[in-house]
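Trainee: Got a structure for you, final_1.pdb, holding PDB, C-alpha atoms.
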```pdb
MODEL        1
ATOM      1  CA  MET E 203       0.000   0.000   0.000
ATOM      2  CA  PRO E 204       1.235   3.555  -0.625
ATOM      3  CA  GLY E 205       3.047   5.001   2.313
ATOM      4  CA  ASP E 206       4.171   1.633   3.705
ATOM      5  CA  GLY E 207       7.578   1.572   2.089
ATOM      6  CA  ALA E 208      10.724   3.030   3.559
ATOM      7  CA  GLY E 209      11.128   6.712   2.837
ATOM      8  CA  ASP E 210       7.536   7.172   1.803
ATOM      9  CA  THR E 211       5.773  10.191   3.230
ATOM     10  CA  PRO E 212       2.751   9.072   5.264
ATOM     11  CA  ARG E 213      -0.545  10.417   4.118
ATOM     12  CA  PRO E 214      -2.211  12.931   6.450
ATOM     13  CA  VAL E 215      -5.281  11.791   8.305
ATOM     14  CA  ILE E 216      -8.341  13.587   7.001
ATOM     15  CA  HIS E 217     -11.336  14.020   9.294
ATOM     16  CA  ARG E 218     -14.501  14.814   7.379
ATOM     17  CA  ASN E 219     -18.063  14.942   8.636
ATOM     18  CA  SER E 220     -20.415  12.917   6.504
ATOM     19  CA  LEU E 221     -23.303  14.643   4.757
ATOM     20  CA  ARG E 222     -25.564  12.804   7.150
ATOM     21  CA  GLU E 223     -23.809  14.418  10.141
ATOM     22  CA  GLN E 224     -23.794  17.831   8.485
ATOM     23  CA  ILE E 225     -27.544  17.798   7.907
ATOM     24  CA  ALA E 226     -28.193  16.536  11.441
ATOM     25  CA  GLY E 227     -25.976  19.294  12.841
ATOM     26  CA  ALA E 228     -27.708  21.970  10.773
ATOM     27  CA  LEU E 229     -31.177  20.825  11.830
ATOM     28  CA  ARG E 230     -30.062  20.556  15.456
ATOM     29  CA  GLU E 231     -29.004  24.196  15.528
ATOM     30  CA  GLU E 232     -32.205  25.187  13.717
ATOM     31  CA  MET E 233     -34.164  23.631  16.591
ATOM     32  CA  MET E 234     -31.895  25.124  19.252
ATOM     33  CA  ALA E 235     -32.463  28.607  17.849
ATOM     34  CA  GLY E 236     -36.220  28.085  17.582
ATOM     35  CA  ARG E 237     -36.353  28.431  13.804
ATOM     36  CA  LEU E 238     -37.757  24.897  13.685
ATOM     37  CA  ALA E 239     -40.266  25.376  16.464
ATOM     38  CA  ALA E 240     -42.114  22.747  18.480
ATOM     39  CA  GLY E 241     -44.822  21.025  16.479
ATOM     40  CA  ARG E 242     -43.155  21.551  13.095
ATOM     41  CA  ASN E 243     -43.653  18.479  10.943
ATOM     42  CA  PHE E 244     -41.697  17.589   7.821
ATOM     43  CA  THR E 245     -40.864  14.622   5.615
ATOM     44  CA  VAL E 246     -37.609  13.185   4.356
ATOM     45  CA  LYS E 247     -38.438  14.462   0.862
ATOM     46  CA  GLU E 248     -38.930  18.031   2.122
ATOM     47  CA  ILE E 249     -35.622  18.047   4.010
ATOM     48  CA  ALA E 250     -33.770  16.537   1.047
ATOM     49  CA  GLU E 251     -35.152  19.207  -1.287
ATOM     50  CA  LEU E 252     -34.575  21.971   1.229
ATOM     51  CA  TYR E 253     -30.890  21.169   1.611
ATOM     52  CA  GLY E 254     -30.359  20.067  -1.989
ATOM     53  CA  VAL E 255     -29.282  16.491  -1.194
ATOM     54  CA  SER E 256     -30.517  13.010  -1.937
ATOM     55  CA  ALA E 257     -33.078  11.295   0.259
ATOM     56  CA  THR E 258     -30.600   8.864   1.840
ATOM     57  CA  PRO E 259     -28.469  11.277   3.936
ATOM     58  CA  ALA E 260     -31.592  13.305   4.782
ATOM     59  CA  ARG E 261     -33.361  10.186   6.066
ATOM     60  CA  GLU E 262     -30.286   9.063   8.008
ATOM     61  CA  ALA E 263     -29.938  12.490   9.631
ATOM     62  CA  LEU E 264     -33.588  12.561  10.680
ATOM     63  CA  VAL E 265     -33.400   9.026  12.059
ATOM     64  CA  ASP E 266     -30.281   9.967  14.033
ATOM     65  CA  LEU E 267     -32.022  12.992  15.558
ATOM     66  CA  GLY E 268     -35.031  10.823  16.330
ATOM     67  CA  ALA E 269     -32.817   8.293  18.122
ATOM     68  CA  GLN E 270     -31.430  11.162  20.213
ATOM     69  CA  GLY E 271     -34.930  12.208  21.239
ATOM     70  CA  LEU E 272     -34.643  15.531  19.388
ATOM     71  CA  LEU E 273     -37.276  14.575  16.789
ATOM     72  CA  ARG E 274     -40.374  12.416  17.026
ATOM     73  CA  ALA E 275     -41.054   9.961  14.196
ATOM     74  CA  GLU E 276     -44.732   9.707  13.230
ATOM     75  CA  HIS E 277     -46.092   6.924  11.065
ATOM     76  CA  HIS E 278     -46.949   8.207   7.572
ATOM     77  CA  ARG E 279     -46.345  11.804   8.726
ATOM     78  CA  GLY E 280     -42.567  12.093   8.770
ATOM     79  CA  PHE E 281     -40.876  13.757  11.732
ATOM     80  CA  THR E 282     -42.062  16.350  14.250
ATOM     81  CA  VAL E 283     -40.127  18.674  16.550
ATOM     82  CA  PRO E 284     -41.212  17.743  20.102
ATOM     83  CA  GLU E 285     -42.672  20.348  22.427
ATOM     84  CA  LEU E 286     -40.688  20.604  25.658
ATOM     85  CA  GLY E 287     -42.692  21.972  28.571
ATOM     86  CA  TRP E 288     -41.616  23.339  31.935
ATOM     87  CA  ASP E 289     -41.601  19.862  33.519
ATOM     88  CA  ASP E 290     -39.294  18.641  30.744
ATOM     89  CA  PHE E 291     -36.986  21.580  31.337
ATOM     90  CA  LEU E 292     -36.914  20.879  35.083
ATOM     91  CA  GLU E 293     -35.748  17.306  34.424
ATOM     92  CA  ILE E 294     -33.107  18.541  31.973
ATOM     93  CA  PHE E 295     -31.918  21.267  34.335
ATOM     94  CA  GLU E 296     -31.890  19.017  37.409
ATOM     95  CA  SER E 297     -29.852  16.375  35.555
ATOM     96  CA  ARG E 298     -27.315  18.983  34.463
ATOM     97  CA  VAL E 299     -26.909  20.453  37.948
ATOM     98  CA  LEU E 300     -26.625  17.082  39.729
ATOM     99  CA  ILE E 301     -24.044  15.760  37.273
ATOM    100  CA  THR E 302     -21.812  18.836  37.441
ATOM    101  CA  ASP E 303     -22.108  18.997  41.248
ATOM    102  CA  SER E 304     -21.232  15.325  41.664
ATOM    103  CA  PHE E 305     -18.304  15.582  39.271
ATOM    104  CA  HIS E 306     -17.016  18.679  41.071
ATOM    105  CA  ARG E 307     -17.036  16.864  44.430
ATOM    106  CA  GLN E 308     -15.078  13.951  42.959
ATOM    107  CA  PHE E 309     -12.737  16.332  41.165
ATOM    108  CA  VAL E 310     -11.873  18.128  44.423
ATOM    109  CA  ALA E 311     -11.534  14.865  46.363
ATOM    110  CA  ARG E 312      -9.042  13.494  43.827
ATOM    111  CA  ARG E 313      -7.190  16.830  43.804
ATOM    112  CA  SER E 314      -6.712  16.359  40.074
ATOM    113  CA  LEU E 315      -5.915  19.289  37.806
ATOM    114  CA  PRO E 316      -7.614  20.131  34.510
ATOM    115  CA  ASP E 317      -5.825  19.723  31.216
ATOM    116  CA  LEU E 318      -4.903  23.307  30.319
ATOM    117  CA  SER E 319      -3.871  22.486  26.755
ATOM    118  CA  ARG E 320      -7.403  23.478  25.684
ATOM    119  CA  LEU E 321      -7.110  27.001  27.123
ATOM    120  CA  PRO E 322      -6.393  28.861  23.841
ATOM    121  CA  SER E 323      -9.486  27.360  22.237
ATOM    122  CA  LEU E 324     -11.493  27.968  25.414
ATOM    123  CA  HIS E 325     -10.524  31.663  25.401
ATOM    124  CA  ARG E 326     -11.652  31.998  21.768
ATOM    125  CA  ARG E 327     -14.947  30.256  22.451
ATOM    126  CA  ALA E 328     -15.598  32.442  25.513
ATOM    127  CA  ASP E 329     -14.944  35.632  23.551
ATOM    128  CA  ALA E 330     -17.250  34.527  20.745
ATOM    129  CA  ALA E 331     -20.030  33.562  23.185
ATOM    130  CA  VAL E 332     -19.877  36.961  24.924
ATOM    131  CA  ARG E 333     -19.914  38.883  21.652
ATOM    132  CA  ALA E 334     -22.912  36.900  20.396
ATOM    133  CA  ALA E 335     -24.769  37.392  23.694
ATOM    134  CA  ARG E 336     -24.167  41.146  23.678
ATOM    135  CA  ALA E 337     -25.210  41.430  20.043
ATOM    136  CA  GLY E 338     -28.438  39.589  20.839
ATOM    137  CA  ASN E 339     -28.191  37.351  17.767
ATOM    138  CA  LEU E 340     -29.901  34.152  18.900
ATOM    139  CA  ASP E 341     -29.091  32.295  15.679
ATOM    140  CA  VAL E 342     -25.373  32.660  16.365
ATOM    141  CA  MET E 343     -25.613  32.650  20.161
ATOM    142  CA  VAL E 344     -26.782  29.051  20.385
ATOM    143  CA  GLY E 345     -23.826  27.795  18.356
ATOM    144  CA  CYS E 346     -21.247  29.874  20.229
ATOM    145  CA  ASP E 347     -22.650  28.935  23.632
ATOM    146  CA  ARG E 348     -22.802  25.237  22.797
ATOM    147  CA  ARG E 349     -19.253  25.159  21.473
ATOM    148  CA  PHE E 350     -17.964  26.948  24.573
ATOM    149  CA  TRP E 351     -19.536  24.415  26.931
ATOM    150  CA  GLN E 352     -18.316  21.571  24.731
ATOM    151  CA  GLU E 353     -14.783  22.861  25.340
ATOM    152  CA  VAL E 354     -15.465  23.084  29.081
ATOM    153  CA  GLY E 355     -16.893  19.559  29.005
ATOM    154  CA  GLY E 356     -13.698  18.350  27.378
ATOM    155  CA  LEU E 357     -11.814  19.330  30.551
ATOM    156  CA  LEU E 358     -13.748  16.726  32.529
ATOM    157  CA  GLY E 359     -11.735  13.911  31.009
ATOM    158  CA  ASN E 360     -14.895  11.809  30.615
ATOM    159  CA  ARG E 361     -16.262  11.806  27.090
ATOM    160  CA  ARG E 362     -19.540  10.118  27.993
ATOM    161  CA  ILE E 363     -20.395  12.688  30.658
ATOM    162  CA  ALA E 364     -19.400  15.528  28.333
ATOM    163  CA  ASP E 365     -21.584  14.141  25.529
ATOM    164  CA  TYR E 366     -24.544  13.712  27.866
ATOM    165  CA  LEU E 367     -24.217  17.275  29.167
ATOM    166  CA  ASP E 368     -24.093  18.501  25.571
ATOM    167  CA  TRP E 369     -27.278  16.568  24.759
ATOM    168  CA  LEU E 370     -28.996  18.183  27.743
ATOM    169  CA  ARG E 371     -27.814  21.635  26.648
ATOM    170  CA  VAL E 372     -29.293  21.184  23.164
ATOM    171  CA  GLN E 373     -32.679  20.438  24.733
ATOM    172  CA  SER E 374     -32.346  23.394  27.115
ATOM    173  CA  TRP E 375     -31.950  25.723  24.131
ATOM    174  CA  MET E 376     -34.890  24.065  22.366
ATOM    175  CA  PHE E 377     -37.050  24.928  25.376
ATOM    176  CA  ALA E 378     -35.660  28.431  25.872
ATOM    177  CA  ALA E 379     -35.603  29.613  22.244
ATOM    178  CA  ARG E 380     -39.350  30.124  21.893
ATOM    179  CA  TYR E 381     -39.386  32.491  24.883
ATOM    180  CA  LEU E 382     -36.231  34.342  23.900
ATOM    181  CA  ARG E 383     -37.545  34.939  20.380
ATOM    182  CA  GLU E 384     -40.537  36.776  21.833
ATOM    183  CA  LEU E 385     -38.346  39.428  23.471
ATOM    184  CA  PRO E 386     -37.968  42.724  21.597
ATOM    185  CA  ALA E 387     -34.166  42.639  22.056
ATOM    186  CA  LEU E 388     -31.756  40.029  23.424
ATOM    187  CA  GLY E 389     -28.594  42.108  23.900
ATOM    188  CA  GLY E 390     -27.535  41.958  27.542
ATOM    189  CA  ILE E 391     -30.221  39.411  28.483
ATOM    190  CA  CYS E 392     -28.269  36.156  28.351
ATOM    191  CA  TRP E 393     -25.405  35.176  30.643
ATOM    192  CA  GLU E 394     -21.995  36.476  29.534
ATOM    193  CA  ARG E 395     -19.479  35.570  32.257
ATOM    194  CA  HIS E 396     -17.734  32.985  30.105
ATOM    195  CA  PRO E 397     -14.309  34.735  30.428
ATOM    196  CA  ASP E 398     -14.595  34.690  34.244
ATOM    197  CA  LEU E 399     -15.045  30.934  34.147
ATOM    198  CA  VAL E 400     -12.039  30.546  31.849
ATOM    199  CA  GLY E 401      -9.990  32.701  34.233
ATOM    200  CA  ALA E 402     -10.894  30.469  37.184
ATOM    201  CA  ILE E 403      -9.993  27.364  35.179
ATOM    202  CA  GLU E 404      -6.694  28.916  34.119
ATOM    203  CA  ALA E 405      -5.915  29.715  37.774
ATOM    204  CA  ARG E 406      -6.760  26.091  38.652
ATOM    205  CA  ASP E 407      -9.400  27.405  41.036
ATOM    206  CA  SER E 408     -11.861  24.512  40.871
ATOM    207  CA  VAL E 409     -13.971  25.899  43.738
ATOM    208  CA  GLY E 410     -14.237  29.298  42.053
ATOM    209  CA  ALA E 411     -15.022  27.687  38.686
ATOM    210  CA  HIS E 412     -17.773  25.593  40.233
ATOM    211  CA  ARG E 413     -19.239  28.650  41.930
ATOM    212  CA  ILE E 414     -19.389  30.506  38.605
ATOM    213  CA  ILE E 415     -21.107  27.512  36.977
ATOM    214  CA  CYS E 416     -23.656  27.503  39.815
ATOM    215  CA  GLU E 417     -24.218  31.226  39.256
ATOM    216  CA  TYR E 418     -24.735  30.504  35.568
ATOM    217  CA  ASN E 419     -27.267  27.758  36.301
ATOM    218  CA  LEU E 420     -29.084  29.944  38.822
ATOM    219  CA  TYR E 421     -29.174  32.850  36.371
ATOM    220  CA  THR E 422     -30.508  30.562  33.637
ATOM    221  CA  VAL E 423     -33.314  29.036  35.687
ATOM    222  CA  ARG E 424     -34.394  32.412  37.081
ATOM    223  CA  LEU E 425     -34.490  33.874  33.574
ATOM    224  CA  LEU E 426     -36.515  31.018  32.100
ATOM    225  CA  ALA E 427     -38.862  30.742  35.076
ATOM    226  CA  GLY E 428     -39.679  34.429  34.644
ATOM    227  CA  LEU E 429     -40.191  34.117  30.882
ATOM    228  CA  ALA E 430     -42.302  30.958  31.224
ATOM    229  CA  GLY E 431     -44.323  32.349  34.142
ATOM    230  CA  GLN E 432     -43.309  29.480  36.443
ATOM    231  CA  PRO E 433     -42.452  29.601  40.171
ATOM    232  CA  LEU E 434     -38.837  29.136  41.184
ATOM    233  CA  GLU E 435     -40.052  26.923  44.045
ATOM    234  CA  SER E 436     -40.666  24.180  41.480
ATOM    235  CA  VAL E 437     -36.898  23.872  40.920
ATOM    236  CA  THR E 438     -35.853  21.071  43.268
ATOM    237  CA  VAL E 439     -32.115  21.749  42.993
ATOM    238  CA  LEU E 440     -32.430  25.443  43.809
ATOM    239  CA  GLY E 441     -30.999  24.956  47.316
ATOM    240  CA  LEU E 442     -27.974  23.169  45.904
ATOM    241  CA  LEU E 443     -27.187  26.165  43.708
ATOM    242  CA  THR E 444     -27.718  28.825  46.354
ATOM    243  CA  GLU E 445     -25.521  26.826  48.740
ATOM    244  CA  TYR E 446     -22.522  27.566  46.518
ATOM    245  CA  VAL E 447     -23.513  31.037  45.363
ATOM    246  CA  GLY E 448     -24.188  32.184  48.922
ATOM    247  CA  GLU E 449     -25.459  35.643  48.024
ATOM    248  CA  GLU E 450     -28.283  37.395  46.256
ATOM    249  CA  LEU E 451     -27.653  37.832  42.557
ATOM    250  CA  PRO E 452     -28.685  40.990  40.697
ATOM    251  CA  PRO E 453     -32.088  40.818  38.984
ATOM    252  CA  VAL E 454     -32.276  39.251  35.560
ATOM    253  CA  PRO E 455     -32.411  42.158  33.060
ATOM    254  CA  VAL E 456     -35.540  41.152  31.170
ATOM    255  CA  GLU E 457     -37.759  43.991  30.033
ATOM    256  CA  PRO E 458     -41.446  43.333  29.364
ATOM    257  CA  PRO E 459     -42.581  43.698  25.757
ATOM    258  CA  PRO E 460     -43.084  47.398  25.008
ATOM    259  CA  ALA E 461     -46.520  48.931  24.713
ATOM    260  CA  PRO E 462     -47.579  50.049  21.219
ATOM    261  CA  ALA E 463     -45.657  53.184  20.375
ATOM    262  CA  VAL E 464     -47.465  56.443  19.742
ATOM    263  CA  GLU E 465     -46.059  58.408  16.859
ATOM    264  CA  PRO E 466     -44.760  61.809  18.048
ATOM    265  CA  ALA E 467     -45.779  64.892  16.080
ATOM    266  CA  ALA E 468     -42.152  65.797  15.532
ATOM    267  CA  GLY E 469     -38.789  65.252  17.080
ATOM    268  CA  PRO E 470     -35.346  63.821  16.478
ATOM    269  CA  GLY E 471     -34.305  60.230  16.868
ATOM    270  CA  PRO E 472     -35.252  56.983  15.128
ATOM    271  CA  GLU E 473     -38.689  55.443  15.426
ATOM    272  CA  PRO E 474     -39.035  52.335  17.636
ATOM    273  CA  GLY E 475     -39.399  50.130  14.581
ATOM    274  CA  ALA E 476     -36.295  51.659  13.003
ATOM    275  CA  ALA E 477     -34.377  51.211  16.255
ATOM    276  CA  ARG E 478     -35.281  47.524  16.372
ATOM    277  CA  ALA E 479     -34.275  47.134  12.741
ATOM    278  CA  GLU E 480     -30.925  48.776  13.499
ATOM    279  CA  ARG E 481     -30.319  46.416  16.440
ATOM    280  CA  SER E 482     -31.204  43.486  14.220
ATOM    281  CA  ARG E 483     -28.840  44.733  11.506
ATOM    282  CA  ARG E 484     -25.968  45.057  13.988
ATOM    283  CA  GLY E 485     -26.721  41.599  15.328
ATOM    284  CA  ASP E 486     -26.640  40.160  11.814
ATOM    285  CA  GLU E 487     -23.287  41.838  11.160
ATOM    286  CA  VAL E 488     -21.824  40.338  14.339
ATOM    287  CA  GLY E 489     -23.316  36.999  13.340
ATOM    288  CA  ARG E 490     -21.664  37.038   9.927
ATOM    289  CA  GLU E 491     -18.344  38.050  11.480
ATOM    290  CA  LEU E 492     -18.491  35.275  14.057
ATOM    291  CA  GLY E 493     -19.630  32.810  11.424
ATOM    292  CA  ARG E 494     -16.588  33.546   9.270
ATOM    293  CA  GLU E 495     -14.344  33.473  12.333
ATOM    294  CA  LEU E 496     -15.590  30.225  13.855
ATOM    295  CA  GLY E 497     -17.080  28.417  10.891
ATOM    296  CA  LEU E 498     -20.616  28.429  12.281
ATOM    297  CA  GLY E 499     -22.833  27.173   9.517
ATOM    298  CA  LEU E 500     -19.990  27.428   6.985
ATOM    299  CA  GLY E 501     -18.408  24.444   5.289
ATOM    300  CA  LEU E 502     -21.614  22.520   5.991
ATOM    301  CA  VAL E 503     -24.938  22.251   4.230
ATOM    302  CA  PRO E 504     -26.888  25.513   3.874
ATOM    303  CA  GLN E 505     -29.058  26.251   6.898
ATOM    304  CA  PRO E 506     -32.562  27.540   6.086
ATOM    305  CA  ARG E 507     -34.399  29.906   8.411
ATOM    306  CA  THR E 508     -37.745  28.121   8.244
ATOM    307  CA  LEU E 509     -39.512  25.352   6.399
ATOM    308  CA  PRO E 510     -42.018  26.004   3.599
ATOM    309  CA  TYR E 511     -45.723  26.360   4.234
ATOM    310  CA  GLY E 512     -47.615  23.218   3.343
ATOM    311  CA  ARG E 513     -49.953  20.804   5.060
ATOM    312  CA  PHE E 514     -48.686  21.782   8.503
ATOM    313  CA  GLY E 515     -48.169  25.520   8.051
ATOM    314  CA  ARG E 516     -44.542  25.613   6.974
ATOM    315  CA  ARG E 517     -42.712  28.408   5.247
ATOM    316  CA  LEU E 518     -39.486  28.745   3.296
ATOM    317  CA  ALA E 519     -37.646  32.084   3.431
ATOM    318  CA  GLU E 520     -35.350  31.241   0.529
ATOM    319  CA  PRO E 521     -35.776  28.544  -2.145
ATOM    320  CA  ALA E 522     -33.362  25.649  -2.232
ATOM    321  CA  PRO E 523     -30.546  26.363  -4.698
ATOM    322  CA  GLU E 524     -30.943  24.762  -8.078
ATOM    323  CA  ALA E 525     -27.260  24.827  -8.980
ATOM    324  CA  GLY E 526     -24.498  23.404  -6.854
ATOM    325  CA  ARG E 527     -26.855  21.505  -4.562
ATOM    326  CA  GLY E 528     -25.217  20.291  -1.388
ATOM    327  CA  ARG E 529     -22.353  22.758  -1.745
ATOM    328  CA  PRO E 530     -22.288  25.538   0.847
ATOM    329  CA  ASP E 531     -22.039  29.188  -0.056
ATOM    330  CA  PRO E 532     -18.858  30.462   1.663
ATOM    331  CA  HIS E 533     -20.314  33.982   1.755
ATOM    332  CA  ALA E 534     -23.633  32.975   3.308
ATOM    333  CA  ALA E 535     -24.547  34.364   6.715
ATOM    334  CA  PRO E 536     -24.509  31.754   9.493
ATOM    335  CA  GLY E 537     -27.822  30.164  10.225
ATOM    336  CA  ARG E 538     -29.019  30.432   6.650
TER     337      ARG E 538
ENDMDL
END
```
Before we go any further, please render this structure as structure tokens.
Mentor:
Amino acid sequence: MPGDGAGDTPRPVIHRNSLREQIAGALREEMMAGRLAAGRNFTVKEIAELYGVSATPAREALVDLGAQGLLRAEHHRGFTVPELGWDDFLEIFESRVLITDSFHRQFVARRSLPDLSRLPSLHRRADAAVRAARAGNLDVMVGCDRRFWQEVGGLLGNRRIADYLDWLRVQSWMFAARYLRELPALGGICWERHPDLVGAIEARDSVGAHRIICEYNLYTVRLLAGLAGQPLESVTVLGLLTEYVGEELPPVPVEPPPAPAVEPAAGPGPEPGAARAERSRRGDEVGRELGRELGLGLGLVPQPRTLPYGRFGRRLAEPAPEAGRGRPDPHAAPGR
């Protein structure tokens, strides 16, 4: 075989995601961002046409997501995005908190140190997550946040636990996205202390890192309980979080939806609608920049914003490309 003889240069190992994995990843982030909302139903044929691929990788991707519990297969109806309620979120959140708390206790007892070789990548992921959160671009935020916590999970040294925590995080975003999309603006709403956590990890301060993670979890559950109109008392692990935080956190900065604006007779300044459009434009610019920087949605299959209207009320923002099907547009904005 080539490369086996003396003096031959060994061939580099090439790691390539299959088309099946690319489609599954694209659909997963569509659901995390709420663009494929709960109750959306679609067939293999629709997904294949939407992404410009054959039916085989589309079917395999949908079956994979169904096996992960992220889609529900329905006989003669294709696949449906499941609706996650507050009770589902409580189970997801409780599992996440109990696993991280248990692992932290074992980590401290063993007095083991994290592998700091991942720090450069962790710093980049933290910076991207903060920028996306401040820009309020949910489409990009979900990808940046997930990739940051995947890097943190890699420090655990247990791939199975890291993969399970990632699976729980995907479902957390699927629950949260529908509420976040209803807010008039997301900038400054979501948690953005990622660099503080990286700093604690870099200082090998496992107690401080765990405290920041508890603050993050407490912030998250308070935010979502408020948006979903649910009592915090229903969160069974609340005491476990406050035990480590040990102090009152500042209020979650969620503003209620604004009342209908009354047009002034005259005066300077942009109209509310124009202001929202400007925020959205800035968020899209940050999204494109981060997408180019981190490869979010680039080098994979195109990511549509919604599905087309049909039997189950679907819509397509942009038609599937006729030419070059299956080949991504390197200039496309992430999430498209």
Trainee: Please measure the separation of atom CA of E:Thr282 and atom CA of E:Arg380, giving the value in Å to one decimal.
Mentor: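 A separation of 16.0 Å between them.
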Trainee: Please write as a list in words the list of polymer residues whose atoms come within 10 Å of (-39.2, 28.5, 35.1), counting only C-alpha atoms and keeping to the coordinates of the file.
Mentor: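 All residues meeting the 10 Å criterion around (-39.2, 28.5, 35.1) are Gly287, Trp288, Asp289, Phe291, Leu292, Ala378, Thr422, Val423, Arg424, Leu425, Leu426, Ala427, Gly428, Leu429, Ala430, Gly431, Gln432, Pro433, Leu434, Glu435, Ser436 and Val437 of chain E.
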Trainee: Set the distance at 9 Å and use all atoms listed in the file: which residues neighbour E:Arg336 once local chain neighbours fewer than 4 positions away are removed? I'd like the list as a compact mmCIF listing (two decimals) with C-alpha atoms, in the coordinates of the input.
Mentor:
```txt
# COMPACT_ATOMS: atom_id res chain seq x y z
CA ALA E 331 -20.03 33.56 23.18
CA VAL E 332 -19.88 36.96 24.92
CA LEU E 388 -31.76 40.03 23.42
CA GLY E 389 -28.59 42.11 23.90
CA GLY E 390 -27.54 41.96 27.54
CA ILE E 391 -30.22 39.41 28.48
CA CYS E 392 -28.27 36.16 28.35
CA GLU E 394 -22.00 36.48 29.53
CA GLY E 485 -26.72 41.60 15.33
```
Trainee: Looking at only C-alpha atoms, which of E:Ala387, E:Leu238, E:Leu367, E:Leu273 is the one that sits closest to E:Arg298?
Mentor: E:Leu367
Trainee: Please write as a ChimeraX atom specification the full residue list that the PyMOL selection byres ((chain E and resi 225) around 9) yields on this file.
Mentor: /E:220-224,226-230,249,253,259-260,263-264,502-505
Trainee: Can you measure atom CA of E:Gly241 to atom CA of E:Phe281 for me? One decimal in Å is fine.
Mentor: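 Answer for the atom CA of E:Gly241 to atom CA of E:Phe281 separation: 9.5 Å.
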Trainee: Calculate how many Å separate atom CA of E:Phe295 from atom CA of E:Glu417, rounding to one decimal.
Mentor: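 So the answer is 13.5 Å.
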Trainee: Any idea what's packed within 7 Å of E:Glu353, counting all atoms listed in the file, ignoring anything in its chain fewer than 4 positions away? Could you give it as a list in words?
Mentor: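 Listed by chain and then number, they are Leu324, Arg349 and Leu357 of chain E.
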Trainee: Taking into account all atoms listed in the file, which residue in the set E:His306, E:Lys247, E:Cys346, E:Leu440 is nearest to E:Asp407?
Mentor: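 Result for the nearest residue to E:Asp407: E:His306.
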Trainee: Within 9 Å of E:Ile294, counting all atoms listed in the file, which residues show up once you throw out same-chain ones fewer than 4 positions away? Write them as a PyMOL selection string, please.
Mentor: chain E and resi 289-290+298-299+370-371+373-374
Trainee: The PyMOL selection byres ((chain E and resi 279) around 10) on the file shown: which residues, as a ChimeraX atom specification?
Mentor: /E:243-246,275-278,280-282
Trainee: Just say which residues the PyMOL selection byres ((chain E and resi 234) around 12) picks in this file, as a VMD selection string.
Mentor: chain E and resid 227 to 233 235 to 240 272 283 to 284 286 340 to 348 369 to 383 537
Trainee: Pick out the closest residue to E:Tyr366 from this set: E:Gln352, E:Glu384, E:Ala335, E:Gly441. Count only C-alpha atoms.
Mentor: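 Using only C-alpha atoms, the shortest distance to E:Tyr366 belongs to E:Gln352.
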Trainee: Point out the residue among E:Glu296, E:Asp303, E:Glu251, E:Asp368 with the least atom-to-atom distance to E:His412, counting all atoms listed in the file.
Mentor: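 Of E:Glu296, E:Asp303, E:Glu251, E:Asp368, the one nearest E:His412 is E:Asp303, counting all atoms listed in the file.
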